[in-house]
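> Take this structure first; my questions come after.
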Amino acid sequence: MTEVAKKICVIFQGQGGQEEGMGENLVKTHPEVATLYQQASDILGYSPLNLTSEHLKSTAFVQPAVFTFNEACRIAFMKERRGDEQIAYYAGNSLGELNAMLAAGAYNFEDGLNLVKARGLGMDFACAEYPSGLMALVGPSKFEGALFCLSARREFKRQASHLLDGNGGGLFLEADNSLTQIVVGGTNEKLKQVQELFEESGFSRRGFRLVRLNTAGAFHSDLMKPAEPFVKEALEKITLHDAKVPVIANTTARPISRAGQMEQEITDHLTKPVLWRQSMDWVRRAQVTAIVELGKKDTLTKMMRDRGKIVATGAGLGIAAAGIAALLYFRNSKNH
């Protein structure tokens with residue numbers, strides 16, 4: 001890297017971009033990652049590296065695989081990073097939040113993976129109880145400014161308000177990811193109605209897209225309540241610690257560090273929406289210089305393109321082997 005980020009926030013991706021064999025390159029280049037994957041295999045009874053595309057359709061397999069891959073990226077990053085930057089905060093989108101807590105020292109890898117395993121099984125159970133999914137309303141890549149996007153988002157939510165009935169059969173706001181992306185989720189019948197609404201309202205003619213996401217259900221909504229007993233039982237079996245570095249909570253967009261706060265966030269996370277846009281705005285106001293996204297793709301960084309300058313992706317810098325997907329400097333950084 002040609003520039004030094006004095007104060008950074010490291011962020012982790014959630015599920016949705018899972019692929020067969022993710023992590024193989026890191027295993028080959030880092031002995032510590034090879035040890036991590038062996039530990040994961042011992043805990044899970046299978047290797048995340050051997051999961052097929054059919055396995056990766058199931059939340060029960062996807063979540064442990066992504067959790068392990070995210071940690072592998074962090075290990076590689078910590079081994080290869082240069083400079084005197086301070087990691088001031090960790091954050092993660094959806095499942096990635098559990099990696100942020102691991103990185104911050106809230107629990108060890110074994111406890112974290114057992115928690116994620118139980119979470120994945122519980123969410124699979126909830127998805128069977130309520131066949132459902134997620135859709136992202138994505139704004140045009142070249143938009144007319146923040147007010148245009150906020151106005152369009154409000155208009156969409158207003159038009160969909162009769163669908164957002166807030167009960168177990170309804171539609172829910174799942175995530176506020178950026179000025180140009182919100183995610184809604186609900187039963188398959190509700191999502192069909194959302195698709196019809198989108199087509200009738202003319203949003204596509206204004207450059208918007210409605211995308212069905214690669215998840216098995218309506219995560220972060222009341223439809224995930226059947227998963228709560230799985231997570232609560234898993235929490236009783238692990239030891240939570242105060243975090244060494246604050247974690248920005250998805251459900252409140254505020255930093256947390258106490259063990260009790262972590263436990264509450266893990267439980268709330270199942271049924272409350274992800275406030276990612278607000279979380280990243282909080283980080284920027286906290287005088288953080290840059291965001292480092294770990295993973296294979298620059299998914300989260302792209303959503304923040306209006307917040308700062310994307311210096312490079314991992315592939316562009318030749319640092320993808322270090323687990324870095326992208327680096328973004330905020331516009332209020334003193335470096336720019």
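Chain identifiers are assigned as A, B, and so on, following the order in which chains appear in the structure tokens; residues are numbered from 1 within each chain, and ligands are numbered from 1 in order of appearance.
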Could you pull the residues within 7 Å of A:Pro273, counting only C-alpha atoms, minus those fewer than 5 positions along the same chain, as a list of chain:residue names?

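Counting only C-alpha atoms, the residues come to A:Leu173, A:Glu174, A:Ala175, A:His220, A:Ser221, A:Thr251.
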
> Mind dumping the selected residues with N, CA and C atoms as a PDB file, in the first residue's frame?


```
ATOM      1  N   LEU A 173     -38.369  -4.982   6.534  1.00  0.00           N
ATOM      2  CA  LEU A 173     -37.141  -4.309   6.140  1.00  0.00           C
ATOM      3  C   LEU A 173     -36.002  -5.051   6.826  1.00  0.00           C
ATOM      4  N   GLU A 174     -35.137  -5.696   6.045  1.00  0.00           N
ATOM      5  CA  GLU A 174     -34.086  -6.550   6.595  1.00  0.00           C
ATOM      6  C   GLU A 174     -32.782  -5.808   6.803  1.00  0.00           C
ATOM      7  N   ALA A 175     -32.468  -4.891   5.881  1.00  0.00           N
ATOM      8  CA  ALA A 175     -31.175  -4.204   5.963  1.00  0.00           C
ATOM      9  C   ALA A 175     -31.239  -2.867   5.248  1.00  0.00           C
ATOM     10  N   HIS A 220     -32.886 -11.873   9.657  1.00  0.00           N
ATOM     11  CA  HIS A 220     -33.032 -10.620  10.399  1.00  0.00           C
ATOM     12  C   HIS A 220     -34.485 -10.126  10.389  1.00  0.00           C
ATOM     13  N   SER A 221     -35.408 -11.035  10.583  1.00  0.00           N
ATOM     14  CA  SER A 221     -36.827 -10.684  10.669  1.00  0.00           C
ATOM     15  C   SER A 221     -37.510 -11.629  11.646  1.00  0.00           C
ATOM     16  N   THR A 251     -27.472  -4.003  14.861  1.00  0.00           N
ATOM     17  CA  THR A 251     -28.854  -3.640  15.199  1.00  0.00           C
ATOM     18  C   THR A 251     -29.000  -2.231  15.751  1.00  0.00           C
TER      19      THR A 251
END
```

> Quick one: DSSP strand (DSSP E) residues in stretch 207-264 of chain A, as a short mmCIF file (atom, residue, chain, number, x, y, z; two decimals) with C-alpha atoms, in the first residue's frame?


```cif
data_model
loop_
_atom_site.label_atom_id
_atom_site.label_comp_id
_atom_site.auth_asym_id
_atom_site.auth_seq_id
_atom_site.Cartn_x
_atom_site.Cartn_y
_atom_site.Cartn_z
CA ARG A 209 -33.00 -3.15 -9.96
CA LEU A 210 -34.74 -5.67 -7.69
CA VAL A 211 -32.43 -8.61 -7.01
CA ARG A 212 -33.25 -11.89 -5.27
CA VAL A 247 -17.49 -3.88 17.58
CA ILE A 248 -20.06 -1.81 15.70
CA PRO A 255 -20.00 0.32 19.36
CA ILE A 256 -20.29 -2.41 21.95
#
```

> List the spatial neighbours of stretch 61-68 of chain A as a PyMOL selection string - criterion: any atom at most 9 Å away, only C-alpha atoms, same-chain residues fewer than 6 positions off excluded.

chain A and resi 13-18+22-23+36-37+40+44+47-49+51+55+95-96+98-99+109+112-114+116-117+119-121

> Can you measure atom CA of A:Asp42 to atom CA of A:Glu110 for me? One decimal in Å is fine.

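According to the coordinates, atom CA of A:Asp42 and atom CA of A:Glu110 are separated by 9.9 Å.
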
> Pick the closest to A:Ile182 from A:Val283, A:Leu270, A:Phe77, A:Leu213: which is it, counting only C-alpha atoms?

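Comparing A:Val283, A:Leu270, A:Phe77, A:Leu213 against A:Ile182, the winner is A:Leu213.
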
> For the atom pair atom CA of A:Ser279 and atom CA of A:Arg254, what is the interatomic distance in Å to one decimal place?

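Computed distance, atom CA of A:Ser279 to atom CA of A:Arg254, equals 6.7 Å.
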
> May I ask which of the residues A:Val27, A:Ala106, A:Met123, A:Cys73 is the closest one to A:Ala218, counting only C-alpha atoms?

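Comparing A:Val27, A:Ala106, A:Met123, A:Cys73 against A:Ala218, the winner is A:Met123.
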
> Which residues come within 6 Å of A:Gln278, counting only C-alpha atoms, excluding same-chain residues fewer than 3 positions away, as number ranges by chain?

A: 253, 275, 281

> Any chance you could export the current selection's N, CA and C atoms as an mmCIF file, in the first residue's frame?


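selection-v4.cif, written as the output of this step:
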```cif
data_model
loop_
_atom_site.group_PDB
_atom_site.id
_atom_site.type_symbol
_atom_site.label_atom_id
_atom_site.label_comp_id
_atom_site.auth_asym_id
_atom_site.auth_seq_id
_atom_site.Cartn_x
_atom_site.Cartn_y
_atom_site.Cartn_z
ATOM 1 N N ALA A 253 -26.097 0.236 15.276
ATOM 2 C CA ALA A 253 -25.107 1.105 14.625
ATOM 3 C C ALA A 253 -24.273 1.868 15.655
ATOM 4 N N LEU A 275 -28.379 -2.400 10.258
ATOM 5 C CA LEU A 275 -28.240 -0.969 9.991
ATOM 6 C C LEU A 275 -26.814 -0.682 9.521
ATOM 7 N N ASP A 281 -21.590 5.171 8.745
ATOM 8 C CA ASP A 281 -21.604 6.614 9.003
ATOM 9 C C ASP A 281 -21.062 6.911 10.402
#
```

> Which one is closest to A:Met280: A:Gln264, A:Asn250, A:Asn25, A:Ser53? Count only C-alpha atoms.

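Of A:Gln264, A:Asn250, A:Asn25, A:Ser53, the one nearest A:Met280, counting only C-alpha atoms, is A:Asn250.
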
> A:Leu134, A:Ala234, A:Glu199, A:Glu19: which is nearest A:Asn50, counting only C-alpha atoms?

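Looking only at the distances to A:Asn50, the closest residue turns out to be A:Glu19.
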
> Find the spatial neighbours of A:Val231, counting only C-alpha atoms, within a cut-off of 7 Å - ignore same-chain residues fewer than 4 positions away - and output them as a short mmCIF file (atom, residue, chain, number, x, y, z; two decimals) with N, CA and C atoms, in the first residue's frame.


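Contents of the output file result-v9.cif:
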```cif
data_model
loop_
_atom_site.label_atom_id
_atom_site.label_comp_id
_atom_site.auth_asym_id
_atom_site.auth_seq_id
_atom_site.Cartn_x
_atom_site.Cartn_y
_atom_site.Cartn_z
N LEU A 115 -21.11 -21.78 17.90
CA LEU A 115 -22.24 -20.84 17.90
C LEU A 115 -22.80 -20.68 16.49
N ALA A 118 -24.73 -23.77 15.35
CA ALA A 118 -26.08 -23.81 15.92
C ALA A 118 -26.99 -22.78 15.26
N ARG A 119 -26.43 -21.59 15.01
CA ARG A 119 -27.19 -20.52 14.35
C ARG A 119 -27.65 -20.95 12.96
N ALA A 227 -35.41 -19.86 15.22
CA ALA A 227 -33.98 -20.12 15.40
C ALA A 227 -33.48 -19.69 16.78
N LEU A 235 -25.31 -20.31 23.23
CA LEU A 235 -24.70 -19.27 24.07
C LEU A 235 -24.44 -19.75 25.48
#
```

> Any idea what the distance is between atom CA of A:Ala76 and atom CA of A:Asn93?

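It comes out at 19.9 Å.
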